[in-house]
file structure_12.cif (mmCIF, C-alpha atoms)
data_work
#
loop_
_atom_site.group_PDB
_atom_site.id
_atom_site.type_symbol
_atom_site.label_atom_id
_atom_site.label_comp_id
_atom_site.auth_asym_id
_atom_site.auth_seq_id
_atom_site.Cartn_x
_atom_site.Cartn_y
_atom_site.Cartn_z
ATOM 1 C CA MET A 1 -26.299 -8.467 -1.471
ATOM 2 C CA SER A 2 -29.493 -6.776 -2.632
ATOM 3 C CA ASP A 3 -31.411 -8.047 -5.613
ATOM 4 C CA ALA A 4 -29.983 -6.626 -8.856
ATOM 5 C CA VAL A 5 -33.042 -4.504 -9.574
ATOM 6 C CA THR A 6 -32.480 -2.518 -6.359
ATOM 7 C CA LEU A 7 -28.802 -1.830 -6.936
ATOM 8 C CA HIS A 8 -27.654 1.781 -7.004
ATOM 9 C CA GLY A 9 -24.562 2.890 -8.862
ATOM 10 C CA PRO A 10 -22.512 0.842 -11.313
ATOM 11 C CA ARG A 11 -23.477 -2.810 -11.565
ATOM 12 C CA ARG A 12 -20.554 -4.194 -13.608
ATOM 13 C CA ILE A 13 -17.224 -2.902 -12.313
ATOM 14 C CA VAL A 14 -13.732 -3.695 -13.540
ATOM 15 C CA CYS A 15 -11.115 -3.057 -10.841
ATOM 16 C CA LEU A 16 -7.807 -2.080 -12.457
ATOM 17 C CA THR A 17 -5.942 -2.243 -9.136
ATOM 18 C CA GLU A 18 -6.364 -4.192 -5.923
ATOM 19 C CA GLU A 19 -7.737 -1.619 -3.489
ATOM 20 C CA PRO A 20 -11.215 -1.232 -5.064
ATOM 21 C CA THR A 21 -11.546 -5.019 -5.125
ATOM 22 C CA GLU A 22 -10.622 -5.373 -1.461
ATOM 23 C CA THR A 23 -12.871 -2.497 -0.471
ATOM 24 C CA LEU A 24 -15.907 -3.744 -2.399
ATOM 25 C CA TYR A 25 -15.502 -7.208 -0.875
ATOM 26 C CA ALA A 26 -15.256 -5.653 2.595
ATOM 27 C CA LEU A 27 -18.492 -3.777 1.915
ATOM 28 C CA GLY A 28 -20.273 -6.913 0.703
ATOM 29 C CA GLU A 29 -20.542 -5.551 -2.849
ATOM 30 C CA GLN A 30 -18.297 -8.087 -4.580
ATOM 31 C CA ASP A 31 -21.068 -9.218 -6.941
ATOM 32 C CA ARG A 32 -20.605 -5.953 -8.821
ATOM 33 C CA ILE A 33 -17.034 -6.884 -9.767
ATOM 34 C CA VAL A 34 -16.677 -8.499 -13.198
ATOM 35 C CA GLY A 35 -12.893 -8.175 -13.667
ATOM 36 C CA ILE A 36 -9.796 -7.542 -11.550
ATOM 37 C CA SER A 37 -6.088 -6.790 -11.695
ATOM 38 C CA GLY A 38 -3.745 -9.742 -12.073
ATOM 39 C CA PHE A 39 -1.825 -8.407 -9.069
ATOM 40 C CA THR A 40 -4.813 -8.915 -6.776
ATOM 41 C CA VAL A 41 -4.154 -11.207 -3.822
ATOM 42 C CA ARG A 42 -6.683 -9.831 -1.307
ATOM 43 C CA PRO A 43 -9.115 -11.297 -0.697
ATOM 44 C CA PRO A 44 -7.987 -14.692 -2.020
ATOM 45 C CA GLU A 45 -11.461 -15.564 -3.270
ATOM 46 C CA ALA A 46 -11.321 -12.597 -5.662
ATOM 47 C CA ARG A 47 -8.272 -14.043 -7.353
ATOM 48 C CA ARG A 48 -10.023 -17.394 -7.584
ATOM 49 C CA ASP A 49 -13.408 -16.172 -8.787
ATOM 50 C CA LYS A 50 -12.875 -13.073 -10.939
ATOM 51 C CA PRO A 51 -11.309 -12.748 -14.426
ATOM 52 C CA LYS A 52 -7.903 -11.038 -14.448
ATOM 53 C CA VAL A 53 -7.859 -8.366 -17.125
ATOM 54 C CA SER A 54 -5.165 -5.839 -16.191
ATOM 55 C CA ALA A 55 -1.706 -5.345 -14.754
ATOM 56 C CA PHE A 56 -0.762 -1.927 -13.380
ATOM 57 C CA THR A 57 0.585 -0.143 -16.439
ATOM 58 C CA SER A 58 -1.204 -2.279 -19.016
ATOM 59 C CA ALA A 59 -4.599 -3.869 -19.537
ATOM 60 C CA LYS A 60 -6.392 -6.239 -21.888
ATOM 61 C CA ILE A 61 -8.755 -3.654 -23.328
ATOM 62 C CA GLY A 62 -10.596 -6.165 -25.509
ATOM 63 C CA ALA A 63 -11.129 -8.526 -22.581
ATOM 64 C CA ILE A 64 -12.391 -5.651 -20.444
ATOM 65 C CA LEU A 65 -14.848 -4.505 -23.106
ATOM 66 C CA ALA A 66 -16.094 -8.087 -23.508
ATOM 67 C CA LEU A 67 -17.151 -7.982 -19.845
ATOM 68 C CA ARG A 68 -19.518 -5.070 -20.669
ATOM 69 C CA PRO A 69 -18.483 -2.948 -17.661
ATOM 70 C CA ASP A 70 -20.405 0.176 -16.751
ATOM 71 C CA MET A 71 -17.409 1.443 -14.763
ATOM 72 C CA ALA A 72 -13.682 0.837 -14.424
ATOM 73 C CA ILE A 73 -11.882 1.887 -11.254
ATOM 74 C CA GLY A 74 -8.134 2.398 -11.082
ATOM 75 C CA PHE A 75 -5.415 4.320 -9.299
ATOM 76 C CA SER A 76 -2.931 7.054 -10.190
ATOM 77 C CA ASP A 77 -1.782 8.964 -13.224
ATOM 78 C CA ILE A 78 0.256 5.892 -14.199
ATOM 79 C CA GLN A 79 -3.016 4.355 -15.416
ATOM 80 C CA ALA A 80 -3.951 7.400 -17.481
ATOM 81 C CA ASP A 81 -3.384 5.654 -20.828
ATOM 82 C CA ILE A 82 -5.561 2.690 -19.815
ATOM 83 C CA ALA A 83 -8.254 5.079 -18.627
ATOM 84 C CA ALA A 84 -8.144 7.091 -21.858
ATOM 85 C CA GLU A 85 -8.515 3.972 -23.992
ATOM 86 C CA LEU A 86 -11.495 2.787 -21.969
ATOM 87 C CA VAL A 87 -13.124 6.215 -22.121
ATOM 88 C CA ARG A 88 -12.687 6.249 -25.896
ATOM 89 C CA ASN A 89 -14.566 2.946 -25.908
ATOM 90 C CA GLY A 90 -17.462 4.350 -23.930
ATOM 91 C CA VAL A 91 -16.570 3.053 -20.461
ATOM 92 C CA GLU A 92 -16.980 5.368 -17.480
ATOM 93 C CA VAL A 93 -13.720 5.471 -15.492
ATOM 94 C CA TRP A 94 -12.804 6.634 -12.000
ATOM 95 C CA ILE A 95 -9.082 7.029 -11.335
ATOM 96 C CA SER A 96 -8.381 7.927 -7.727
ATOM 97 C CA ASN A 97 -5.061 9.575 -6.931
ATOM 98 C CA HIS A 98 -4.830 9.466 -3.147
ATOM 99 C CA ARG A 99 -1.388 9.134 -1.531
ATOM 100 C CA SER A 100 -2.032 9.646 2.208
ATOM 101 C CA VAL A 101 -3.560 7.692 5.077
ATOM 102 C CA ASP A 102 -6.416 10.189 5.312
ATOM 103 C CA GLY A 103 -6.831 9.807 1.555
ATOM 104 C CA ILE A 104 -7.198 6.027 1.884
ATOM 105 C CA VAL A 105 -9.857 6.369 4.579
ATOM 106 C CA ASP A 106 -11.701 8.913 2.451
ATOM 107 C CA TYR A 107 -11.373 6.633 -0.589
ATOM 108 C CA VAL A 108 -13.331 3.934 1.253
ATOM 109 C CA ARG A 109 -16.088 6.457 1.976
ATOM 110 C CA ARG A 110 -16.203 7.722 -1.617
ATOM 111 C CA LEU A 111 -16.238 4.252 -3.164
ATOM 112 C CA GLY A 112 -19.022 3.188 -0.849
ATOM 113 C CA ALA A 113 -21.069 6.247 -1.761
ATOM 114 C CA LEU A 114 -20.451 5.560 -5.446
ATOM 115 C CA VAL A 115 -22.081 2.125 -5.190
ATOM 116 C CA GLY A 116 -24.929 3.248 -2.937
ATOM 117 C CA VAL A 117 -23.741 1.939 0.430
ATOM 118 C CA ALA A 118 -22.455 5.158 1.993
ATOM 119 C CA ALA A 119 -23.585 4.322 5.517
ATOM 120 C CA ARG A 120 -21.911 0.920 5.414
ATOM 121 C CA ALA A 121 -18.737 2.468 3.989
ATOM 122 C CA ASN A 122 -18.665 5.146 6.675
ATOM 123 C CA THR A 123 -18.951 2.494 9.371
ATOM 124 C CA TYR A 124 -16.123 0.517 7.809
ATOM 125 C CA ALA A 125 -13.939 3.625 7.378
ATOM 126 C CA ASP A 126 -14.551 4.554 11.026
ATOM 127 C CA SER A 127 -13.395 1.074 12.070
ATOM 128 C CA LEU A 128 -10.226 1.461 9.999
ATOM 129 C CA GLN A 129 -9.518 4.782 11.709
ATOM 130 C CA ARG A 130 -10.081 3.275 15.157
ATOM 131 C CA GLY A 131 -7.566 0.555 14.333
ATOM 132 C CA LEU A 132 -4.999 3.191 13.384
ATOM 133 C CA ASP A 133 -5.696 5.088 16.603
ATOM 134 C CA GLU A 134 -5.088 1.912 18.611
ATOM 135 C CA VAL A 135 -1.740 1.346 16.877
ATOM 136 C CA ALA A 136 -0.759 4.970 17.545
ATOM 137 C CA ALA A 137 -1.722 4.690 21.217
ATOM 138 C CA ARG A 138 0.520 1.652 21.610
ATOM 139 C CA ALA A 139 3.349 3.476 19.842
ATOM 140 C CA ALA A 140 3.064 6.320 22.327
ATOM 141 C CA THR A 141 4.357 3.945 25.027
ATOM 142 C CA LEU A 142 7.710 3.417 23.295
ATOM 143 C CA PRO A 143 10.716 4.783 25.197
ATOM 144 C CA ARG A 144 12.377 5.790 21.906
ATOM 145 C CA ARG A 145 11.235 6.060 18.311
ATOM 146 C CA PRO A 146 13.470 4.281 15.802
ATOM 147 C CA ARG A 147 14.691 5.867 12.585
ATOM 148 C CA VAL A 148 13.496 3.732 9.669
ATOM 149 C CA TYR A 149 14.625 3.347 6.071
ATOM 150 C CA PHE A 150 11.829 1.867 3.961
ATOM 151 C CA GLU A 151 12.790 0.563 0.518
ATOM 152 C CA GLU A 152 10.120 -0.328 -2.040
ATOM 153 C CA TRP A 153 12.587 -1.275 -4.784
ATOM 154 C CA ASP A 154 16.271 -2.194 -4.811
ATOM 155 C CA ASP A 155 17.678 -1.400 -8.254
ATOM 156 C CA PRO A 156 17.606 1.541 -8.266
ATOM 157 C CA PRO A 157 16.812 2.058 -4.574
ATOM 158 C CA ILE A 158 13.397 3.699 -4.195
ATOM 159 C CA THR A 159 12.192 5.009 -0.844
ATOM 160 C CA GLY A 160 8.685 4.712 0.605
ATOM 161 C CA ILE A 161 5.641 6.646 -0.592
ATOM 162 C CA ARG A 162 3.702 9.087 1.589
ATOM 163 C CA TRP A 163 1.155 6.698 3.095
ATOM 164 C CA VAL A 164 3.985 4.323 4.068
ATOM 165 C CA ALA A 165 5.851 7.127 5.852
ATOM 166 C CA GLU A 166 2.637 8.101 7.642
ATOM 167 C CA LEU A 167 1.922 4.518 8.689
ATOM 168 C CA LEU A 168 5.490 4.216 9.970
ATOM 169 C CA ARG A 169 4.885 7.290 12.107
ATOM 170 C CA ILE A 170 1.614 5.840 13.423
ATOM 171 C CA ALA A 171 3.451 2.579 14.214
ATOM 172 C CA GLY A 172 6.091 4.437 16.232
ATOM 173 C CA GLY A 173 8.948 4.985 13.784
ATOM 174 C CA ASP A 174 10.264 7.925 11.780
ATOM 175 C CA ASP A 175 11.034 7.715 8.070
ATOM 176 C CA VAL A 176 14.606 8.863 7.387
ATOM 177 C CA PHE A 177 13.577 10.285 3.992
ATOM 178 C CA PRO A 178 10.469 12.362 4.799
ATOM 179 C CA GLU A 179 11.217 14.815 2.003
ATOM 180 C CA LEU A 180 11.119 12.011 -0.580
ATOM 181 C CA ALA A 181 7.950 10.486 0.870
ATOM 182 C CA ALA A 182 6.158 13.657 -0.189
ATOM 183 C CA GLU A 183 6.956 12.900 -3.844
ATOM 184 C CA PRO A 184 4.007 11.119 -5.538
ATOM 185 C CA LEU A 185 5.920 9.304 -8.286
ATOM 186 C CA ALA A 186 8.387 6.451 -7.769
ATOM 187 C CA LYS A 187 10.920 8.012 -10.147
ATOM 188 C CA GLN A 188 11.020 11.041 -7.856
ATOM 189 C CA ARG A 189 11.907 8.828 -4.871
ATOM 190 C CA ILE A 190 14.947 7.170 -6.454
ATOM 191 C CA LEU A 191 18.053 7.560 -4.305
ATOM 192 C CA ALA A 192 20.731 9.119 -6.490
ATOM 193 C CA ASP A 193 23.296 8.313 -3.785
ATOM 194 C CA ALA A 194 22.660 5.164 -1.731
ATOM 195 C CA GLY A 195 25.362 6.399 0.636
ATOM 196 C CA GLU A 196 22.812 8.861 1.963
ATOM 197 C CA VAL A 197 21.197 5.950 3.802
ATOM 198 C CA VAL A 198 24.507 5.402 5.621
ATOM 199 C CA ARG A 199 24.653 9.072 6.593
ATOM 200 C CA ARG A 200 21.070 9.038 7.910
ATOM 201 C CA ALA A 201 21.856 5.971 10.040
ATOM 202 C CA PRO A 202 18.502 4.178 10.330
ATOM 203 C CA ASP A 203 17.893 1.878 13.291
ATOM 204 C CA ILE A 204 15.638 -0.327 11.162
ATOM 205 C CA ILE A 205 15.585 -1.169 7.453
ATOM 206 C CA ILE A 206 12.315 -2.439 5.997
ATOM 207 C CA GLY A 207 12.149 -3.876 2.499
ATOM 208 C CA SER A 208 8.984 -4.276 0.468
ATOM 209 C CA TRP A 209 10.190 -4.956 -3.047
ATOM 210 C CA CYS A 210 7.117 -4.914 -5.240
ATOM 211 C CA GLY A 211 6.626 -8.345 -6.744
ATOM 212 C CA LYS A 212 9.778 -10.021 -5.438
ATOM 213 C CA LYS A 213 11.272 -11.278 -2.185
ATOM 214 C CA PHE A 214 13.299 -8.897 -0.048
ATOM 215 C CA ARG A 215 16.949 -9.976 0.293
ATOM 216 C CA PRO A 216 18.410 -8.589 3.542
ATOM 217 C CA ASP A 217 21.755 -10.251 2.825
ATOM 218 C CA ARG A 218 22.138 -8.243 -0.377
ATOM 219 C CA VAL A 219 21.173 -5.036 1.388
ATOM 220 C CA ALA A 220 23.639 -5.634 4.210
ATOM 221 C CA ALA A 221 26.407 -6.304 1.672
ATOM 222 C CA ARG A 222 26.102 -2.897 -0.021
ATOM 223 C CA PRO A 223 29.355 -0.935 0.179
ATOM 224 C CA GLY A 224 29.629 0.961 3.444
ATOM 225 C CA TRP A 225 26.285 -0.222 4.786
ATOM 226 C CA ASP A 226 27.921 -2.244 7.560
ATOM 227 C CA ALA A 227 28.199 1.087 9.394
ATOM 228 C CA ILE A 228 24.409 1.485 9.555
ATOM 229 C CA PRO A 229 22.951 0.682 13.002
ATOM 230 C CA ALA A 230 20.211 -1.455 11.410
ATOM 231 C CA VAL A 231 22.792 -3.590 9.601
ATOM 232 C CA ARG A 232 25.064 -3.794 12.622
ATOM 233 C CA ASP A 233 22.192 -5.041 14.788
ATOM 234 C CA GLY A 234 20.553 -7.269 12.180
ATOM 235 C CA GLU A 235 17.404 -5.150 12.057
ATOM 236 C CA LEU A 236 16.491 -5.798 8.426
ATOM 237 C CA HIS A 237 12.876 -6.843 7.943
ATOM 238 C CA GLU A 238 10.374 -7.500 5.176
ATOM 239 C CA VAL A 239 6.760 -6.413 4.853
ATOM 240 C CA LYS A 240 5.120 -8.123 1.892
ATOM 241 C CA SER A 241 4.238 -5.591 -0.789
ATOM 242 C CA PRO A 242 0.508 -6.511 -1.021
ATOM 243 C CA LEU A 243 0.174 -5.501 2.636
ATOM 244 C CA ILE A 244 1.676 -2.040 2.356
ATOM 245 C CA LEU A 245 2.135 -0.791 -1.218
ATOM 246 C CA GLN A 246 -1.563 -0.743 -2.171
ATOM 247 C CA PRO A 247 -3.391 2.423 -1.000
ATOM 248 C CA GLY A 248 -6.348 0.517 0.389
ATOM 249 C CA PRO A 249 -7.591 -1.355 3.468
ATOM 250 C CA ALA A 250 -4.648 -3.798 3.571
ATOM 251 C CA ALA A 251 -2.203 -0.995 4.367
ATOM 252 C CA LEU A 252 -4.405 0.333 7.176
ATOM 253 C CA THR A 253 -4.846 -3.091 8.790
ATOM 254 C CA ASP A 254 -2.291 -5.853 8.238
ATOM 255 C CA GLY A 255 0.241 -3.393 6.833
ATOM 256 C CA VAL A 256 0.392 -1.011 9.765
ATOM 257 C CA ARG A 257 0.251 -3.934 12.212
ATOM 258 C CA ALA A 258 3.287 -5.481 10.511
ATOM 259 C CA LEU A 259 5.149 -2.178 10.862
ATOM 260 C CA SER A 260 4.090 -1.943 14.498
ATOM 261 C CA ALA A 261 5.350 -5.469 15.227
ATOM 262 C CA ILE A 262 8.739 -4.619 13.721
ATOM 263 C CA VAL A 263 9.048 -1.373 15.683
ATOM 264 C CA HIS A 264 8.005 -2.912 19.010
ATOM 265 C CA GLY A 265 10.238 -5.920 18.425
ATOM 266 C CA TRP A 266 13.162 -3.581 17.823
ATOM 267 C CA SER A 267 12.330 -1.705 21.037
ATOM 268 C CA GLN A 268 12.370 -4.923 23.058
ATOM 269 C CA ARG A 269 15.702 -5.960 21.542
ATOM 270 C CA GLU A 270 17.127 -2.516 22.271
ATOM 271 C CA ARG A 271 16.311 -3.003 25.932
ATOM 272 C CA ALA A 272 17.989 -6.403 25.823
ATOM 273 C CA ARG A 273 21.032 -4.755 24.246
ATOM 274 C CA GLY A 274 21.075 -2.279 27.105
ATOM 275 C CA ARG A 275 20.127 0.672 24.914
ATOM 276 C CA GLY A 276 16.382 0.860 25.511
#
call {"tool": "encode", "arguments": {"input": "structure_12.cif", "output": "structure tokens"}}
result
Amino acid sequence: MSDAVTLHGPRRIVCLTEEPTETLYALGEQDRIVGISGFTVRPPEARRDKPKVSAFTSAKIGAILALRPDMAIGFSDIQADIAAELVRNGVEVWISNHRSVDGIVDYVRRLGALVGVAARANTYADSLQRGLDEVAARAATLPRRPRVYFEEWDDPPITGIRWVAELLRIAGGDDVFPELAAEPLAKQRILADAGEVVRRAPDIIIGSWCGKKFRPDRVAARPGWDAIPAVRDGELHEVKSPLILQPGPAALTDGVRALSAIVHGWSQRERARGRG
């Protein structure tokens, strides 16, 4: 970390979501962070060392202002009210709204440029892209691509967002609800008829229930779901939400690798079942 007098860009940053925290730590710029989201788990030292001043749809405005930030960084229109309140109190705010894998890679580049370490950020973003390319190359060796139902919430059932569908494709699977993945808001990805999952017959079901443990037994017990190939074959898996539901480095590293492990494990079991 450079001496404070040589810093470029904001020096006291409040991160309203996890991905700017993880990215700034990866770039070696963690000393700029003065406050974080309470949902932050990556990296673990951030949760230990930094004050927690926000959730996702709410924030402790007074606590944030007491930290004297010169910038707050958040994600999505869902944080618009928090952003507006901070702006009214004189805080500069950047709300990114990326929803794709390319958008996440570009986000790393933009955040790095914002804090004056563009070259370092470009190098890091390039490494993230190479990792994705390696996962895709391995997926290209699969004899068959599985159909995958990804569920990010159970009641009501909500399907996966765009970057999740794209990471599934990179990992070797195909999202059974591609038309819903294109919808940016969770309320637009609610399944009005859970029976549609039965009709689309996924080979794999992946749960990533934000903030709570995935319960495959409850999913398998849904009316009519015993007819789904994934349920019949016991192919119900969990990817922890911090790995995949944050549009930052975690999704492009541990997240996509977790998806890849599930897909390749399924492929091996299919061969053992005589269907590979």
call {"tool": "residues_around", "arguments": {"input": "structure_12.cif", "residues": "Gly234 in chain A", "least_positions_apart": "5", "cutoff": "12 Å", "atoms": "all atoms listed in the file", "output": "number ranges by chain"}}
result
A: 202-206, 216-217, 219-220, 225-229, 266, 269-270
call {"tool": "residues_around", "arguments": {"input": "structure_12.cif", "residues": "range 97-107 of chain A", "least_positions_apart": "2", "cutoff": "8 Å", "atoms": "only C-alpha atoms", "output": "number ranges by chain"}}
result
A: 75-77, 95, 109-111, 125, 128-129, 161-163, 166-167, 184, 247-249, 252
call {"tool": "resolve_selection", "arguments": {"input": "structure_12.cif", "expression": "the PyMOL selection byres ((chain A and resi 57) around 7)", "output": "list in words"}}
result
Ala55, Phe56, Ser58, Ile78 and Gln79 of chain A
call {"tool": "atom_distance", "arguments": {"input": "structure_12.cif", "atom1": "CA of Lys52 in chain A", "atom2": "CA of Thr40 in chain A"}}
result
8.5 Å
call {"tool": "closest_residue", "arguments": {"input": "structure_12.cif", "among": "A:Trp209, A:Tyr124, A:Phe214, A:Tyr149", "to": "Ala26 in chain A", "atoms": "all atoms listed in the file"}}
result
A:Tyr124
call {"tool": "build_atoms", "arguments": {"input": "structure_12.cif", "residues": "range 22-38 of chain A", "atoms": "N, CA, C and O atoms", "output": "compact mmCIF listing (two decimals), keeping the file's coordinate frame"}}
result
# COMPACT_ATOMS: atom_id res chain seq x y z
N GLU A 22 -10.60 -5.07 -2.89
CA GLU A 22 -10.62 -5.37 -1.46
C GLU A 22 -11.72 -4.59 -0.74
O GLU A 22 -12.41 -5.11 0.13
N THR A 23 -11.86 -3.33 -1.13
CA THR A 23 -12.87 -2.50 -0.47
C THR A 23 -14.28 -2.98 -0.78
O THR A 23 -15.13 -3.08 0.13
N LEU A 24 -14.56 -3.29 -2.03
CA LEU A 24 -15.91 -3.74 -2.40
C LEU A 24 -16.24 -5.07 -1.73
O LEU A 24 -17.38 -5.29 -1.30
N TYR A 25 -15.27 -5.96 -1.61
CA TYR A 25 -15.50 -7.21 -0.88
C TYR A 25 -15.80 -6.91 0.59
O TYR A 25 -16.71 -7.50 1.19
N ALA A 26 -15.04 -5.99 1.18
CA ALA A 26 -15.26 -5.65 2.60
C ALA A 26 -16.64 -5.06 2.82
O ALA A 26 -17.23 -5.23 3.90
N LEU A 27 -17.17 -4.39 1.80
CA LEU A 27 -18.49 -3.78 1.92
C LEU A 27 -19.61 -4.72 1.51
O LEU A 27 -20.78 -4.34 1.52
N GLY A 28 -19.26 -5.95 1.11
CA GLY A 28 -20.27 -6.91 0.70
C GLY A 28 -20.82 -6.66 -0.69
O GLY A 28 -21.90 -7.16 -1.03
N GLU A 29 -20.08 -5.92 -1.51
CA GLU A 29 -20.54 -5.55 -2.85
C GLU A 29 -19.73 -6.24 -3.94
O GLU A 29 -19.61 -5.72 -5.06
N GLN A 30 -19.16 -7.40 -3.63
CA GLN A 30 -18.30 -8.09 -4.58
C GLN A 30 -19.02 -8.58 -5.83
O GLN A 30 -18.38 -8.79 -6.87
N ASP A 31 -20.33 -8.74 -5.77
CA ASP A 31 -21.07 -9.22 -6.94
C ASP A 31 -21.04 -8.21 -8.08
O ASP A 31 -21.33 -8.56 -9.23
N ARG A 32 -20.72 -6.97 -7.78
CA ARG A 32 -20.60 -5.95 -8.82
C ARG A 32 -19.33 -6.13 -9.65
O ARG A 32 -19.24 -5.61 -10.77
N ILE A 33 -18.34 -6.79 -9.11
CA ILE A 33 -17.03 -6.88 -9.77
C ILE A 33 -17.07 -7.95 -10.86
O ILE A 33 -17.38 -9.11 -10.60
N VAL A 34 -16.71 -7.54 -12.09
CA VAL A 34 -16.68 -8.50 -13.20
C VAL A 34 -15.26 -8.76 -13.70
O VAL A 34 -15.04 -9.68 -14.49
N GLY A 35 -14.28 -7.96 -13.26
CA GLY A 35 -12.89 -8.18 -13.67
C GLY A 35 -11.96 -7.50 -12.69
O GLY A 35 -12.32 -6.50 -12.05
N ILE A 36 -10.75 -8.06 -12.54
CA ILE A 36 -9.80 -7.54 -11.55
C ILE A 36 -8.39 -7.45 -12.13
O ILE A 36 -8.10 -7.96 -13.22
N SER A 37 -7.51 -6.84 -11.36
CA SER A 37 -6.09 -6.79 -11.70
C SER A 37 -5.43 -8.15 -11.43
O SER A 37 -5.76 -8.83 -10.45
N GLY A 38 -4.49 -8.50 -12.28
CA GLY A 38 -3.74 -9.74 -12.07
C GLY A 38 -2.87 -9.72 -10.84
O GLY A 38 -2.40 -10.77 -10.39
